[in-house]
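Shown below: model_17.txt, with compact mmCIF, C-alpha atoms.
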# COMPACT_ATOMS: atom_id res chain seq x y z
CA MET A 1 0.00 0.00 0.00
CA ILE A 2 1.41 3.38 -1.00
CA LEU A 3 1.19 5.96 1.79
CA HIS A 4 2.65 9.40 2.42
CA HIS A 5 4.04 11.21 5.44
CA TYR A 6 4.58 14.99 5.39
CA THR A 7 7.33 16.53 7.47
CA SER A 8 10.04 19.20 7.73
CA VAL A 9 13.49 19.10 6.14
CA ALA A 10 15.29 18.54 9.45
CA MET A 11 12.97 15.68 10.44
CA ALA A 12 13.19 14.15 6.96
CA GLU A 13 16.98 14.08 7.14
CA SER A 14 16.67 12.19 10.43
CA ILE A 15 14.02 9.85 9.00
CA PHE A 16 16.32 8.88 6.12
CA HIS A 17 18.68 7.52 8.78
CA SER A 18 16.39 6.08 11.46
CA GLY A 19 13.00 5.63 9.80
CA LEU A 20 9.57 6.99 10.66
CA LYS A 21 8.95 7.18 14.40
CA PRO A 22 5.50 7.15 16.02
CA SER A 23 3.99 10.37 17.34
CA THR A 24 0.78 10.99 19.29
CA LEU A 25 -2.99 11.04 18.88
CA THR A 26 -5.42 13.06 20.97
CA ARG A 27 -8.30 10.86 22.12
CA GLY A 28 -11.88 12.02 22.47
CA ASP A 29 -11.51 12.34 26.25
CA GLY A 30 -8.50 14.65 25.83
CA SER A 31 -5.90 12.04 26.77
CA ILE A 32 -2.78 11.51 24.66
CA GLN A 33 -2.13 8.16 23.02
CA ARG A 34 1.48 7.59 22.10
CA GLY A 35 3.04 5.25 19.58
CA VAL A 36 0.92 6.42 16.63
CA LEU A 37 2.37 7.28 13.22
CA TRP A 38 0.15 9.36 10.90
CA LEU A 39 0.07 8.50 7.19
CA THR A 40 -2.23 9.36 4.29
CA VAL A 41 -3.03 8.13 0.80
CA ASP A 42 -3.44 11.77 -0.28
CA PRO A 43 -0.53 13.01 -2.46
CA SER A 44 -1.46 16.62 -1.58
CA HIS A 45 -0.39 18.30 1.66
CA VAL A 46 -3.43 20.59 1.66
CA GLY A 47 -6.25 20.09 4.15
CA HIS A 48 -4.42 17.99 6.73
CA GLY A 49 -3.81 20.76 9.27
CA LEU A 50 -0.06 20.67 8.69
CA LEU A 51 2.07 23.48 10.09
CA THR A 52 3.76 25.73 7.54
CA GLY A 53 6.41 27.16 9.88
CA LYS A 54 4.80 30.60 9.82
CA GLU A 55 2.56 29.97 12.82
CA ARG A 56 3.27 30.79 16.44
CA PRO A 57 1.88 28.38 19.01
CA THR A 58 -1.22 29.33 20.95
CA GLU A 59 -1.27 28.91 24.70
CA SER A 60 -3.34 25.73 24.34
CA GLN A 61 -0.80 24.33 21.84
CA LYS A 62 2.02 25.14 24.24
CA ARG A 63 0.23 23.29 27.03
CA TYR A 64 -0.42 20.33 24.74
CA LEU A 65 3.22 20.12 23.64
CA GLU A 66 4.33 20.36 27.24
CA ARG A 67 2.13 17.35 28.02
CA VAL A 68 3.60 15.46 25.07
CA TRP A 69 7.25 16.29 25.79
CA GLY A 70 7.04 16.51 29.56
CA LYS A 71 8.72 19.95 29.54
CA PRO A 72 7.99 23.49 28.31
CA MET A 73 8.83 24.57 24.77
CA LYS A 74 12.31 26.07 24.50
CA ASN A 75 11.17 28.58 21.90
CA GLU A 76 8.21 29.26 19.64
CA VAL A 77 9.74 28.03 16.39
CA MET A 78 7.34 25.84 14.41
CA ALA A 79 8.65 23.57 11.67
CA ASP A 80 7.25 23.56 8.14
CA LYS A 81 5.56 20.15 7.91
CA THR A 82 4.53 20.76 4.30
CA ALA A 83 8.12 20.91 3.03
CA ILE A 84 8.79 17.20 2.41
CA ARG A 85 6.61 14.28 1.31
CA ILE A 86 7.99 10.86 2.20
CA THR A 87 6.36 7.94 0.42
CA VAL A 88 6.42 4.43 1.88
CA ASP A 89 5.19 1.06 0.69
CA LEU A 90 3.59 -1.07 3.40
CA ASP A 91 1.78 -4.41 3.27
CA ASP A 92 -1.99 -3.97 3.07
CA ASP A 93 -2.48 -6.69 5.68
CA ASP A 94 0.11 -5.34 8.15
CA PRO A 95 -1.61 -5.74 11.55
CA LEU A 96 -0.15 -2.43 12.74
CA LEU A 97 -1.80 -0.47 9.89
CA HIS A 98 -5.34 0.84 10.39
CA SER A 99 -7.69 3.17 8.56
CA PHE A 100 -8.20 6.17 10.85
CA VAL A 101 -11.95 6.21 10.23
CA GLU A 102 -12.36 2.48 10.89
CA TRP A 103 -10.15 2.63 13.98
CA SER A 104 -12.23 5.57 15.25
CA LYS A 105 -15.48 3.63 14.81
CA GLU A 106 -14.12 0.82 16.96
CA ASN A 107 -12.35 2.88 19.62
CA GLU A 108 -14.02 6.29 19.89
CA ARG A 109 -17.41 7.95 20.27
CA PRO A 110 -19.50 8.71 17.16
CA GLY A 111 -18.36 11.82 15.31
CA TYR A 112 -14.79 11.66 16.61
CA ALA A 113 -13.16 11.12 13.19
CA LYS A 114 -15.13 13.97 11.62
CA THR A 115 -14.22 16.28 14.50
CA ILE A 116 -10.52 15.54 14.06
CA GLY A 117 -10.89 16.10 10.32
CA LEU A 118 -12.56 19.46 10.95
CA SER A 119 -9.83 20.44 13.39
CA ALA A 120 -7.39 20.29 10.47
CA LEU A 121 -9.37 23.10 8.80
CA TYR A 122 -10.71 25.21 11.68
CA ASP A 123 -10.06 26.28 15.22
CA LEU A 124 -13.25 24.61 16.40
CA ARG A 125 -13.39 26.61 19.65
CA SER A 126 -13.62 29.83 17.65
CA LEU A 127 -16.73 28.73 15.74
CA SER A 128 -20.26 29.56 16.82
CA ASP A 129 -22.75 26.72 17.19
CA ALA A 130 -24.26 27.62 13.82
CA GLU A 131 -20.87 27.74 12.12
CA LEU A 132 -19.86 24.44 13.67
CA LYS A 133 -23.10 22.79 12.56
CA ARG A 134 -22.61 24.08 9.03
CA ALA A 135 -19.02 22.86 8.99
CA TYR A 136 -20.06 19.35 10.03
CA LYS A 137 -22.52 19.24 7.14
CA LYS A 138 -20.55 20.90 4.33
CA ALA A 139 -16.82 21.01 5.02
CA GLN A 140 -14.66 18.79 2.78
CA THR A 141 -12.45 17.09 5.33
CA LYS A 142 -9.72 14.52 4.69
CA GLU A 143 -9.94 12.11 7.60
CA GLY A 144 -11.02 9.43 5.11
CA THR A 145 -7.50 9.55 3.59
CA TRP A 146 -5.70 9.06 6.92
CA TRP A 147 -4.10 5.88 8.17
CA LEU A 148 -2.53 5.05 11.52
CA TYR A 149 0.52 2.86 11.97
CA PHE A 150 1.12 1.64 15.51
CA GLY A 151 4.86 1.18 15.25
CA GLU A 152 7.99 2.32 13.45
CA VAL A 153 8.51 2.23 9.68
CA ALA A 154 12.04 1.27 8.64
CA PRO A 155 13.95 3.57 6.27
CA SER A 156 14.13 0.66 3.81
CA SER A 157 10.35 1.04 3.31
CA ILE A 158 10.81 4.57 1.88
CA THR A 159 10.29 4.48 -1.88
CA ARG A 160 10.28 8.19 -2.79
CA VAL A 161 11.08 11.57 -1.24
CA ALA A 162 9.75 14.82 -2.70
CA ALA A 163 10.11 18.49 -1.77
CA ILE A 164 7.48 21.16 -2.27
CA SER A 165 8.42 23.58 -5.04
CA GLY A 166 5.78 26.22 -5.61
CA SER A 167 2.54 24.24 -5.55
CA ALA A 168 4.02 20.92 -6.73
CA PHE A 169 6.27 18.22 -5.30
CA VAL A 170 9.54 17.41 -7.05
CA PRO A 171 12.24 14.82 -6.29
CA TYR A 172 14.15 15.88 -3.18
CA SER A 173 17.76 17.02 -3.35
CA PHE A 174 19.65 18.07 -0.25
CA GLU A 175 21.60 20.71 -2.14
CA SER A 176 18.55 22.11 -3.96
CA HIS A 177 15.88 21.83 -1.26
CA GLY A 178 17.46 20.86 2.05
CA ARG A 179 20.71 22.64 2.83
CA LYS A 180 19.33 26.17 3.33
CA THR A 181 16.43 25.08 5.53
CA PHE A 182 18.65 22.58 7.37
CA ARG A 183 20.88 25.50 8.31
CA GLN A 184 17.96 27.72 9.33
CA TYR A 185 17.14 25.20 12.05
CA GLY A 186 20.72 25.11 13.28
CA PHE A 187 22.18 22.16 11.34
CA SER A 188 25.27 23.48 9.55
CA ALA A 189 26.63 20.91 7.08
CA VAL A 190 29.94 20.85 5.26
CA GLY A 191 29.91 21.70 1.56
CA PRO A 192 28.95 19.33 -1.27
CA GLU A 193 32.54 18.47 -2.23
CA SER A 194 33.36 17.53 1.35
CA LEU A 195 30.18 15.44 1.62
CA ALA A 196 31.13 13.66 -1.59
CA SER A 197 34.52 12.77 -0.11
CA LEU A 198 32.83 11.39 3.02
CA ALA A 199 30.43 9.14 1.10
CA PRO A 200 32.94 6.32 0.30
CA LEU A 201 33.64 5.98 4.04
CA LEU A 202 29.93 5.47 4.82
CA PRO A 203 28.36 3.50 1.95
CA SER A 204 24.57 3.88 1.76
CA ALA A 205 22.57 1.29 3.69
CA HIS A 206 19.47 2.07 1.58
CA ALA A 207 18.33 4.43 -1.18
CA PHE A 208 18.08 7.63 0.88
CA ASP A 209 20.93 7.01 3.31
CA VAL A 210 23.39 9.68 2.14
CA ALA A 211 26.47 10.51 4.23
CA LYS A 212 26.30 13.79 6.14
CA ALA A 213 28.59 15.63 8.54
CA PHE A 214 27.16 18.64 10.32
CA CYS A 215 27.28 20.69 13.50
CA ILE A 216 24.33 21.50 15.75
CA CYS A 217 24.71 23.68 18.84
CA ALA A 218 22.34 22.89 21.70
CA ASP A 219 24.25 24.92 24.27
CA ALA A 220 26.36 27.98 23.43
CA GLY A 221 28.86 27.00 26.13
CA ALA A 222 29.39 23.47 24.84
CA ARG A 223 32.57 22.16 23.22
CA SER A 224 32.49 21.99 19.44
CA THR A 225 31.23 18.67 18.09
CA VAL A 226 30.34 17.13 14.75
CA VAL A 227 27.51 14.71 13.99
CA VAL A 228 28.15 12.09 11.32
CA ARG A 229 25.36 10.15 9.59
CA GLY A 230 25.54 7.50 6.93
CA GLY A 231 25.94 3.80 6.26
CA GLY A 232 23.21 3.13 8.82
CA TYR A 233 25.20 4.89 11.57
CA GLN A 234 24.81 8.13 13.49
CA PHE A 235 27.40 9.26 15.99
CA GLU A 236 28.85 12.44 17.49
CA LEU A 237 32.54 13.25 17.82
CA ASP A 238 34.48 15.92 19.68
CA LEU A 239 35.72 18.19 16.91
CA GLN A 240 39.03 18.95 18.62
CA THR A 241 40.00 15.46 19.78
CA GLY A 242 37.98 13.15 17.50
CA ARG A 243 36.75 11.28 20.59
CA LEU A 244 33.47 9.40 20.21
CA LEU A 245 30.83 11.09 22.39
CA LYS A 246 27.52 9.52 21.37
CA GLY A 247 26.23 6.69 19.22
CA ASP A 248 27.76 3.59 17.67
CA ALA A 249 30.50 4.15 15.13
CA PRO A 250 31.55 1.87 12.26
CA GLU A 251 34.76 -0.14 12.26
CA ASN A 252 36.49 2.43 10.08
CA LEU A 253 36.09 5.18 12.70
CA ALA A 254 39.82 5.97 12.49
CA ALA A 255 39.43 6.79 8.78
CA ILE A 256 36.46 9.05 9.55
CA VAL A 257 38.43 10.84 12.29
CA GLU A 258 41.19 11.36 9.72
CA TRP A 259 38.56 12.81 7.35
CA ILE A 260 37.56 15.21 10.12
CA ARG A 261 41.17 16.25 10.57
CA ARG A 262 41.43 17.07 6.85
CA HIS A 263 38.24 19.14 7.03
CA GLU A 264 38.80 20.62 10.49
CA SER A 265 38.71 24.27 9.40
CA GLU A 266 35.47 23.80 7.47
CA LEU A 267 33.87 21.95 10.37
CA ALA A 268 35.02 24.66 12.79
CA ALA A 269 33.25 27.20 10.58
CA CYS A 270 30.14 25.00 10.64
CA TRP A 271 30.26 24.97 14.44
CA THR A 272 30.58 28.77 14.57
CA ASP A 273 27.64 29.01 12.19
CA SER A 274 25.50 26.67 14.32
CA VAL A 275 26.27 28.79 17.40
CA GLU A 276 25.07 31.87 15.49
CA VAL A 277 21.78 30.14 14.72
CA PHE A 278 21.49 29.08 18.36
CA HIS A 279 21.82 32.72 19.42
CA HIS A 280 19.18 33.69 16.87
CA TYR A 281 16.67 31.40 18.58
CA TYR A 282 17.91 32.12 22.11
CA PRO A 283 18.96 35.81 22.14
CA ASP A 284 18.90 35.90 25.95
CA GLN A 285 21.84 33.49 25.96
CA ARG A 286 23.95 35.96 23.97
CA ARG A 287 23.01 38.84 26.29
CA MET A 288 23.94 36.71 29.27
CA GLU A 289 27.28 35.74 27.71
CA ASN A 290 28.05 39.39 26.91
CA GLN A 291 27.22 40.38 30.49
CA LEU A 292 29.52 37.66 31.82
CA ALA A 293 32.29 38.80 29.46
CA ASP A 294 31.82 42.38 30.64
CA ALA A 295 31.95 41.24 34.25
CA ASP A 296 35.16 39.29 33.60
CA ALA A 297 36.73 42.34 31.93
CA LEU A 298 35.68 44.52 34.83
CA ASN A 299 37.12 42.06 37.35
CA GLY A 300 40.36 42.07 35.41
CA ARG A 301 40.64 45.84 35.71
CA MET A 302 39.96 45.97 39.44
Output the structure of this file as structure tokens.
Amino acid sequence: MILHHYTSVAMAESIFHSGLKPSTLTRGDGSIQRGVLWLTVDPSHVGHGLLTGKERPTESQKRYLERVWGKPMKNEVMADKTAIRITVDLDDDDPLLHSFVEWSKENERPGYAKTIGLSALYDLRSLSDAELKRAYKKAQTKEGTWWLYFGEVAPSSITRVAAISGSAFVPYSFESHGRKTFRQYGFSAVGPESLASLAPLLPSAHAFDVAKAFCICADAGARSTVVVRGGGYQFELDLQTGRLLKGDAPENLAAIVEWIRRHESELAACWTDSVEVFHHYYPDQRRMENQLADADALNGRM
């Protein structure tokens, strides 16, 4: 069965490596069910309630995300979930795959599926009773195209990846569609020639497993690190020492560390760039660092 999953560039790049991971579903009683992956047979991203990255979360969305993650949002950045369409091929008789409408009939109160479909088009709490009644009768909702998968989908099940270009989807290219957005979210990758030289060290494990080396700053005070993906591996190394910090590395780790040494200046620039993006999203951190630097300078003069 051919199904689609819409997501952002940064999430897609992770999915190419680790596959599609389950998310959540809000039940009729307001509780959160975990372990649910949303898919659709619809090749269009329109009408599914997908974020475009231009929104800012409402207070109710912030509270919901805090319930999901177990902690407050760090910032109000919303990813563009219309950017990438990932197509997978799953067995029709897979016991983990369920039509959303049929699952709703068996597990929820009447009208639940339609309500969720409407919530992709409207803020239901903002509608009057008359408007809500009219929407239930006339709105063209897409819940009939939705499918739920109660598990993970391996990257080997991905058959196609497309990026939105204008109003149409075209075959995805990291250089054409991914690099700029990847960087906007803080992932600063080495240039195409350097990536090409890394590829032989991390042969693709499947069609969309392309070697990457990039920096991502999660804490402005952290040591510089580089994340390496490819060949079915993902691991993080200390940029200065080459020491393995996270993940499982392949047997040819020494050759990859040597590759890092040859591209050390470029990777250092990537780290500096990722710190700049971090400060863009967390400007208070920069103010705090400047205040500390001023205090240190003052202490040095006294």
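For the pair atom CA of A:Phe235 and atom CA of A:Ile260, the interatomic distance is 13.2 Å.
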Response to the item:
atom CA of A:His98 sits from atom CA of A:Leu39 at a separation of 9.9 Å
Worksheet item: Counting only C-alpha atoms, what is within 10 Å of stretch 177-186 of chain A, bar same-chain residues fewer than 6 positions away, as an NGL selection string?
Response: :A and (8-13 or 77 or 79-80 or 83-84 or 162-165 or 170-171 or 192 or 214-218 or 270-271 or 273-281)
Discussion item. I want to know what sits within 7 Å of A:Thr87, based on only C-alpha atoms, with residues of the same chain fewer than 5 positions away left out; could you give that as a PyMOL selection string?
Written reply: chain A and resi 2-5+158-161
Worksheet, complete the sentence: Computed gap from atom CA of A:Ser128 to atom CA of A:Leu50 is 23.5 Å
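Neighbouring residues of A:Ala249 at 12 Å or closer, counting all atoms listed in the file and skipping chain neighbours under 5 positions away, are A:Leu201, A:Leu202, A:Val227, A:Val228, A:Arg229, A:Gly230, A:Gly231, A:Gly232, A:Tyr233, A:Gln234, A:Phe235, A:Glu236, A:Leu237, A:Gly242, A:Arg243, A:Leu244, A:Ala254, A:Ala255, A:Ile256, A:Val257.
Protein, DNA and RNA residues at most 12 Å from (6.1, 24.6, 18.7), with only C-alpha atoms, are these: Leu51, Thr52, Gly53, Lys54, Glu55, Arg56, Pro57, Thr58, Glu59, Ser60, Gln61, Lys62, Arg63, Tyr64, Leu65, Glu66, Val68, Trp69, Pro72, Met73, Lys74, Asn75, Glu76, Val77, Met78, Ala79, Asp80 and Lys81 of chain A.
Considering the residues A:Tyr6, A:Lys71, A:Asp91, A:Asn107 and counting all atoms listed in the file, A:Gly28 has its shortest atom-to-atom contact with A:Asn107.
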Worksheet item: Leaving out stretch 143-155 of chain A and any residue of its chain fewer than 4 positions from it, which residues lie within 8 Å of it when counting only C-alpha atoms, given as a count of residues only?
Response: 28
